[in-house]
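For reference, work.pdb is printed below; it contains PDB, C-alpha atoms.
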MODEL        1
ATOM      1  CA  ARG A  23      23.476 -72.760  -0.419  1.00  0.00           C
ATOM      2  CA  VAL A  24      22.993 -74.850  -3.543  1.00  0.00           C
ATOM      3  CA  HIS A  25      19.790 -76.472  -2.300  1.00  0.00           C
ATOM      4  CA  ALA A  26      18.440 -73.053  -1.294  1.00  0.00           C
ATOM      5  CA  ALA A  27      19.208 -71.667  -4.763  1.00  0.00           C
ATOM      6  CA  LEU A  28      17.510 -74.634  -6.444  1.00  0.00           C
ATOM      7  CA  ASP A  29      14.479 -74.188  -4.184  1.00  0.00           C
ATOM      8  CA  ARG A  30      14.270 -70.476  -5.075  1.00  0.00           C
ATOM      9  CA  ILE A  31      14.172 -71.233  -8.802  1.00  0.00           C
ATOM     10  CA  GLY A  32      11.866 -74.221  -8.393  1.00  0.00           C
ATOM     11  CA  ARG A  33      14.186 -77.029  -9.483  1.00  0.00           C
ATOM     12  CA  PRO A  34      13.565 -80.447  -7.886  1.00  0.00           C
ATOM     13  CA  HIS A  35      16.571 -82.056  -6.208  1.00  0.00           C
ATOM     14  CA  THR A  36      17.452 -85.013  -4.054  1.00  0.00           C
ATOM     15  CA  ASP A  37      18.599 -84.732  -0.464  1.00  0.00           C
ATOM     16  CA  ALA A  38      22.376 -84.434  -0.151  1.00  0.00           C
ATOM     17  CA  GLN A  39      24.159 -87.766   0.257  1.00  0.00           C
ATOM     18  CA  GLY A  40      27.717 -86.488   0.232  1.00  0.00           C
ATOM     19  CA  ASN A  41      29.549 -83.646  -1.430  1.00  0.00           C
ATOM     20  CA  PHE A  42      27.273 -83.456  -4.465  1.00  0.00           C
ATOM     21  CA  VAL A  43      23.815 -82.297  -5.463  1.00  0.00           C
ATOM     22  CA  PHE A  44      21.591 -84.167  -7.939  1.00  0.00           C
ATOM     23  CA  PHE A  45      18.872 -82.023  -9.483  1.00  0.00           C
ATOM     24  CA  ASP A  46      16.494 -81.696 -12.419  1.00  0.00           C
ATOM     25  CA  THR A  47      17.790 -79.088 -14.854  1.00  0.00           C
ATOM     26  CA  GLY A  48      14.526 -78.969 -16.788  1.00  0.00           C
ATOM     27  CA  MET A  49      16.394 -79.461 -20.072  1.00  0.00           C
ATOM     28  CA  PRO A  50      18.377 -82.250 -21.727  1.00  0.00           C
ATOM     29  CA  VAL A  51      21.379 -82.768 -19.471  1.00  0.00           C
ATOM     30  CA  GLN A  52      23.843 -82.458 -22.353  1.00  0.00           C
ATOM     31  CA  GLN A  53      22.446 -79.008 -23.155  1.00  0.00           C
ATOM     32  CA  PHE A  54      22.906 -78.021 -19.505  1.00  0.00           C
ATOM     33  CA  ARG A  55      26.457 -79.399 -19.511  1.00  0.00           C
ATOM     34  CA  ASP A  56      27.309 -77.474 -22.688  1.00  0.00           C
ATOM     35  CA  ARG A  57      25.899 -74.219 -21.315  1.00  0.00           C
ATOM     36  CA  MET A  58      27.806 -74.576 -18.059  1.00  0.00           C
ATOM     37  CA  LEU A  59      31.031 -75.533 -19.848  1.00  0.00           C
ATOM     38  CA  ALA A  60      30.711 -72.373 -21.975  1.00  0.00           C
ATOM     39  CA  ARG A  61      31.047 -70.539 -18.637  1.00  0.00           C
ATOM     40  CA  GLY A  62      34.053 -72.623 -17.613  1.00  0.00           C
ATOM     41  CA  ILE A  63      32.074 -74.856 -15.233  1.00  0.00           C
ATOM     42  CA  LYS A  64      32.204 -78.643 -15.527  1.00  0.00           C
ATOM     43  CA  VAL A  65      29.249 -80.619 -14.218  1.00  0.00           C
ATOM     44  CA  GLY A  66      28.643 -84.348 -13.876  1.00  0.00           C
ATOM     45  CA  ARG A  67      28.015 -86.944 -16.508  1.00  0.00           C
ATOM     46  CA  PRO A  68      24.549 -88.106 -17.607  1.00  0.00           C
ATOM     47  CA  PHE A  69      22.862 -90.930 -15.674  1.00  0.00           C
ATOM     48  CA  GLU A  70      20.684 -93.416 -17.546  1.00  0.00           C
ATOM     49  CA  GLY A  71      17.013 -92.799 -16.907  1.00  0.00           C
ATOM     50  CA  TYR A  72      17.618 -89.246 -15.657  1.00  0.00           C
ATOM     51  CA  ASP A  73      17.791 -87.402 -18.962  1.00  0.00           C
ATOM     52  CA  THR A  74      17.312 -83.942 -17.449  1.00  0.00           C
ATOM     53  CA  TRP A  75      19.119 -84.457 -14.143  1.00  0.00           C
ATOM     54  CA  SER A  76      22.666 -83.347 -13.341  1.00  0.00           C
ATOM     55  CA  ARG A  77      25.055 -84.262 -10.568  1.00  0.00           C
ATOM     56  CA  VAL A  78      27.202 -81.375  -9.367  1.00  0.00           C
ATOM     57  CA  THR A  79      30.077 -81.859  -6.965  1.00  0.00           C
ATOM     58  CA  ILE A  80      30.342 -79.221  -4.276  1.00  0.00           C
ATOM     59  CA  GLY A  81      33.815 -77.747  -4.241  1.00  0.00           C
ATOM     60  CA  ARG A  82      35.442 -74.724  -2.710  1.00  0.00           C
ATOM     61  CA  ARG A  83      33.396 -71.656  -1.827  1.00  0.00           C
ATOM     62  CA  ALA A  84      34.670 -69.726  -4.867  1.00  0.00           C
ATOM     63  CA  GLU A  85      33.710 -72.615  -7.173  1.00  0.00           C
ATOM     64  CA  VAL A  86      30.228 -72.806  -5.680  1.00  0.00           C
ATOM     65  CA  ASP A  87      29.901 -69.032  -6.031  1.00  0.00           C
ATOM     66  CA  LEU A  88      30.672 -69.300  -9.769  1.00  0.00           C
ATOM     67  CA  PHE A  89      28.185 -72.136 -10.183  1.00  0.00           C
ATOM     68  CA  LEU A  90      25.438 -70.270  -8.320  1.00  0.00           C
ATOM     69  CA  ALA A  91      26.071 -67.104 -10.329  1.00  0.00           C
ATOM     70  CA  ALA A  92      25.734 -68.999 -13.632  1.00  0.00           C
ATOM     71  CA  LEU A  93      22.823 -71.235 -12.666  1.00  0.00           C
ATOM     72  CA  PRO A  94      19.847 -68.850 -13.116  1.00  0.00           C
ATOM     73  CA  ASP A  95      21.091 -67.682 -16.506  1.00  0.00           C
ATOM     74  CA  VAL A  96      21.844 -71.204 -17.714  1.00  0.00           C
ATOM     75  CA  LEU A  97      18.428 -72.457 -16.586  1.00  0.00           C
ATOM     76  CA  GLY A  98      16.614 -69.364 -17.800  1.00  0.00           C
ATOM     77  CA  ALA A  99      15.288 -68.750 -14.307  1.00  0.00           C
TER      78      ALA A  99
ENDMDL
END

Let me see the structure of the file written as structure tokens.
Amino acid sequence: RVHAALDRIGRPHTDAQGNFVFFDTGMPVQQFRDRMLARGIKVGRPFEGYDTWSRVTIGRRAEVDLFLAALPDVLGA
């Protein structure tokens, strides 16, 4: 579901390698983190060399639903 949502809004992402998704937010990752946190959603830490990419752990269905509901607004998509 997360990959499909990222595809719909045109955000590049890596293939899944576990229970997380790594994708390009299109903005400084700290800005993305702050915007998501304002909605009560914590996302992964920055990774050196990937200044606009975020790692998001896939949790329970309800948690993913909240993330997917916030994502278009946060990304301005």

If we count all atoms listed in the file and set the cut-off at 9 Å, which residues sit around region 23-38 of chain A, ignoring sequence neighbours fewer than 5 positions away in its own chain? Please answer as number ranges by chain. A: 43-48, 75, 80, 86, 89-90, 93-94, 97, 99

Ranking A:Arg82, A:Arg61, A:Arg77, A:Arg55 by minimum distance to Gln39 (chain A) and counting all atoms listed in the file, which one comes first?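 Looking at the shortest contact to Gln39 (chain A), the residue is A:Arg77.
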
List the residues matched by the PyMOL selection byres ((chain A and resi 72) around 10) in the displayed structure as an MDAnalysis selection string, ordered by chain and then by residue number. chainID A and resid 45:46 50:51 68:71 73:76

Could you write out as a PyMOL selection string the residues that the PyMOL selection byres ((chain A and resi 66) around 6) matches in the shown file? chain A and resi 65+67+77-78

Distance CA of Met49 (chain A)-CA of Gly62 (chain A), one decimal place? 19.1 Å

Tell me, in Å to one decimal, how far CA of Gly40 (chain A) is from CA of Ala60 (chain A).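 For CA of Gly40 (chain A) relative to CA of Ala60 (chain A), the distance reads 26.5 Å.
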
Just write region 59-72 of chain A with all heavy atoms, as an mmCIF file, in the first residue's frame, taken from the block above.
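Written output follows (decode30.cif):
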data_model
loop_
_atom_site.group_PDB
_atom_site.id
_atom_site.type_symbol
_atom_site.label_atom_id
_atom_site.label_comp_id
_atom_site.auth_asym_id
_atom_site.auth_seq_id
_atom_site.Cartn_x
_atom_site.Cartn_y
_atom_site.Cartn_z
ATOM 1 N N LEU A 59 5.645 14.841 12.358
ATOM 2 C CA LEU A 59 5.533 14.860 13.815
ATOM 3 C C LEU A 59 4.394 15.781 14.263
ATOM 4 O O LEU A 59 3.702 15.485 15.239
ATOM 5 C CB LEU A 59 6.850 15.280 14.448
ATOM 6 C CG LEU A 59 6.947 15.113 15.955
ATOM 7 C CD1 LEU A 59 6.652 13.674 16.379
ATOM 8 C CD2 LEU A 59 8.321 15.533 16.444
ATOM 9 N N ALA A 60 4.170 16.873 13.535
ATOM 10 C CA ALA A 60 3.056 17.771 13.858
ATOM 11 C C ALA A 60 1.713 17.051 13.741
ATOM 12 O O ALA A 60 0.729 17.480 14.331
ATOM 13 C CB ALA A 60 3.081 18.989 12.942
ATOM 14 N N ARG A 61 1.701 15.935 13.010
ATOM 15 C CA ARG A 61 0.490 15.117 12.861
ATOM 16 C C ARG A 61 0.540 13.865 13.753
ATOM 17 O O ARG A 61 -0.254 12.960 13.593
ATOM 18 C CB ARG A 61 0.317 14.728 11.401
ATOM 19 C CG ARG A 61 -0.078 15.911 10.543
ATOM 20 C CD ARG A 61 0.177 15.624 9.069
ATOM 21 N NE ARG A 61 -0.316 16.706 8.231
ATOM 22 C CZ ARG A 61 0.297 17.867 8.031
ATOM 23 N NH1 ARG A 61 1.442 18.122 8.646
ATOM 24 N NH2 ARG A 61 -0.214 18.788 7.247
ATOM 25 N N GLY A 62 1.538 13.848 14.641
ATOM 26 C CA GLY A 62 1.663 12.734 15.576
ATOM 27 C C GLY A 62 2.300 11.491 14.992
ATOM 28 O O GLY A 62 2.175 10.405 15.547
ATOM 29 N N ILE A 63 3.039 11.648 13.877
ATOM 30 C CA ILE A 63 3.647 10.512 13.190
ATOM 31 C C ILE A 63 5.161 10.671 13.224
ATOM 32 O O ILE A 63 5.703 11.655 12.714
ATOM 33 C CB ILE A 63 3.155 10.429 11.729
ATOM 34 C CG1 ILE A 63 1.630 10.302 11.697
ATOM 35 C CG2 ILE A 63 3.830 9.273 10.999
ATOM 36 C CD1 ILE A 63 1.029 10.527 10.329
ATOM 37 N N LYS A 64 5.842 9.697 13.809
ATOM 38 C CA LYS A 64 7.303 9.703 13.841
ATOM 39 C C LYS A 64 7.827 8.913 12.652
ATOM 40 O O LYS A 64 7.341 7.828 12.366
ATOM 41 C CB LYS A 64 7.818 9.086 15.136
ATOM 42 C CG LYS A 64 7.516 9.897 16.360
ATOM 43 C CD LYS A 64 8.115 9.256 17.585
ATOM 44 C CE LYS A 64 7.782 10.074 18.822
ATOM 45 N NZ LYS A 64 8.359 9.462 20.032
ATOM 46 N N VAL A 65 8.818 9.497 11.974
ATOM 47 C CA VAL A 65 9.473 8.817 10.864
ATOM 48 C C VAL A 65 10.966 8.739 11.156
ATOM 49 O O VAL A 65 11.462 9.382 12.074
ATOM 50 C CB VAL A 65 9.198 9.517 9.513
ATOM 51 C CG1 VAL A 65 7.725 9.471 9.170
ATOM 52 C CG2 VAL A 65 9.688 10.945 9.523
ATOM 53 N N GLY A 66 11.675 7.970 10.347
ATOM 54 C CA GLY A 66 13.075 7.654 10.609
ATOM 55 C C GLY A 66 14.033 8.822 10.582
ATOM 56 O O GLY A 66 13.723 9.911 10.092
ATOM 57 N N ARG A 67 15.195 8.548 11.081
ATOM 58 C CA ARG A 67 16.266 9.536 11.186
ATOM 59 C C ARG A 67 16.876 9.816 9.811
ATOM 60 O O ARG A 67 16.728 9.021 8.882
ATOM 61 C CB ARG A 67 17.359 9.012 12.117
ATOM 62 C CG ARG A 67 18.051 7.771 11.560
ATOM 63 C CD ARG A 67 19.206 7.327 12.430
ATOM 64 N NE ARG A 67 19.767 6.078 11.974
ATOM 65 C CZ ARG A 67 20.613 5.955 10.949
ATOM 66 N NH1 ARG A 67 20.980 7.016 10.259
ATOM 67 N NH2 ARG A 67 21.098 4.774 10.604
ATOM 68 N N PRO A 68 17.600 10.934 9.690
ATOM 69 C CA PRO A 68 18.300 11.229 8.434
ATOM 70 C C PRO A 68 19.444 10.236 8.202
ATOM 71 O O PRO A 68 20.023 9.703 9.148
ATOM 72 C CB PRO A 68 18.859 12.634 8.656
ATOM 73 C CG PRO A 68 18.075 13.201 9.784
ATOM 74 C CD PRO A 68 17.672 12.040 10.637
ATOM 75 N N PHE A 69 19.765 10.001 6.935
ATOM 76 C CA PHE A 69 20.891 9.170 6.536
ATOM 77 C C PHE A 69 21.847 10.033 5.718
ATOM 78 O O PHE A 69 21.411 10.699 4.773
ATOM 79 C CB PHE A 69 20.424 7.974 5.692
ATOM 80 C CG PHE A 69 19.705 6.930 6.486
ATOM 81 C CD1 PHE A 69 18.349 7.041 6.735
ATOM 82 C CD2 PHE A 69 20.379 5.837 7.004
ATOM 83 C CE1 PHE A 69 17.675 6.092 7.474
ATOM 84 C CE2 PHE A 69 19.727 4.867 7.742
ATOM 85 C CZ PHE A 69 18.370 5.001 7.979
ATOM 86 N N GLU A 70 23.114 10.016 6.085
ATOM 87 C CA GLU A 70 24.110 10.834 5.398
ATOM 88 C C GLU A 70 24.094 10.547 3.899
ATOM 89 O O GLU A 70 24.065 9.394 3.473
ATOM 90 C CB GLU A 70 25.498 10.557 5.974
ATOM 91 C CG GLU A 70 26.556 11.489 5.440
ATOM 92 C CD GLU A 70 27.895 11.330 6.125
ATOM 93 O OE1 GLU A 70 27.940 10.837 7.270
ATOM 94 O OE2 GLU A 70 28.889 11.706 5.499
ATOM 95 N N GLY A 71 24.089 11.610 3.123
ATOM 96 C CA GLY A 71 24.095 11.482 1.677
ATOM 97 C C GLY A 71 22.709 11.360 1.061
ATOM 98 O O GLY A 71 22.572 11.351 -0.153
ATOM 99 N N TYR A 72 21.687 11.253 1.888
ATOM 100 C CA TYR A 72 20.304 11.137 1.425
ATOM 101 C C TYR A 72 19.481 12.237 2.100
ATOM 102 O O TYR A 72 18.587 11.960 2.891
ATOM 103 C CB TYR A 72 19.743 9.749 1.756
ATOM 104 C CG TYR A 72 20.419 8.645 0.996
ATOM 105 C CD1 TYR A 72 21.534 8.003 1.508
ATOM 106 C CD2 TYR A 72 19.949 8.264 -0.257
ATOM 107 C CE1 TYR A 72 22.164 6.999 0.798
ATOM 108 C CE2 TYR A 72 20.573 7.258 -0.970
ATOM 109 C CZ TYR A 72 21.682 6.639 -0.432
ATOM 110 O OH TYR A 72 22.308 5.637 -1.147
#
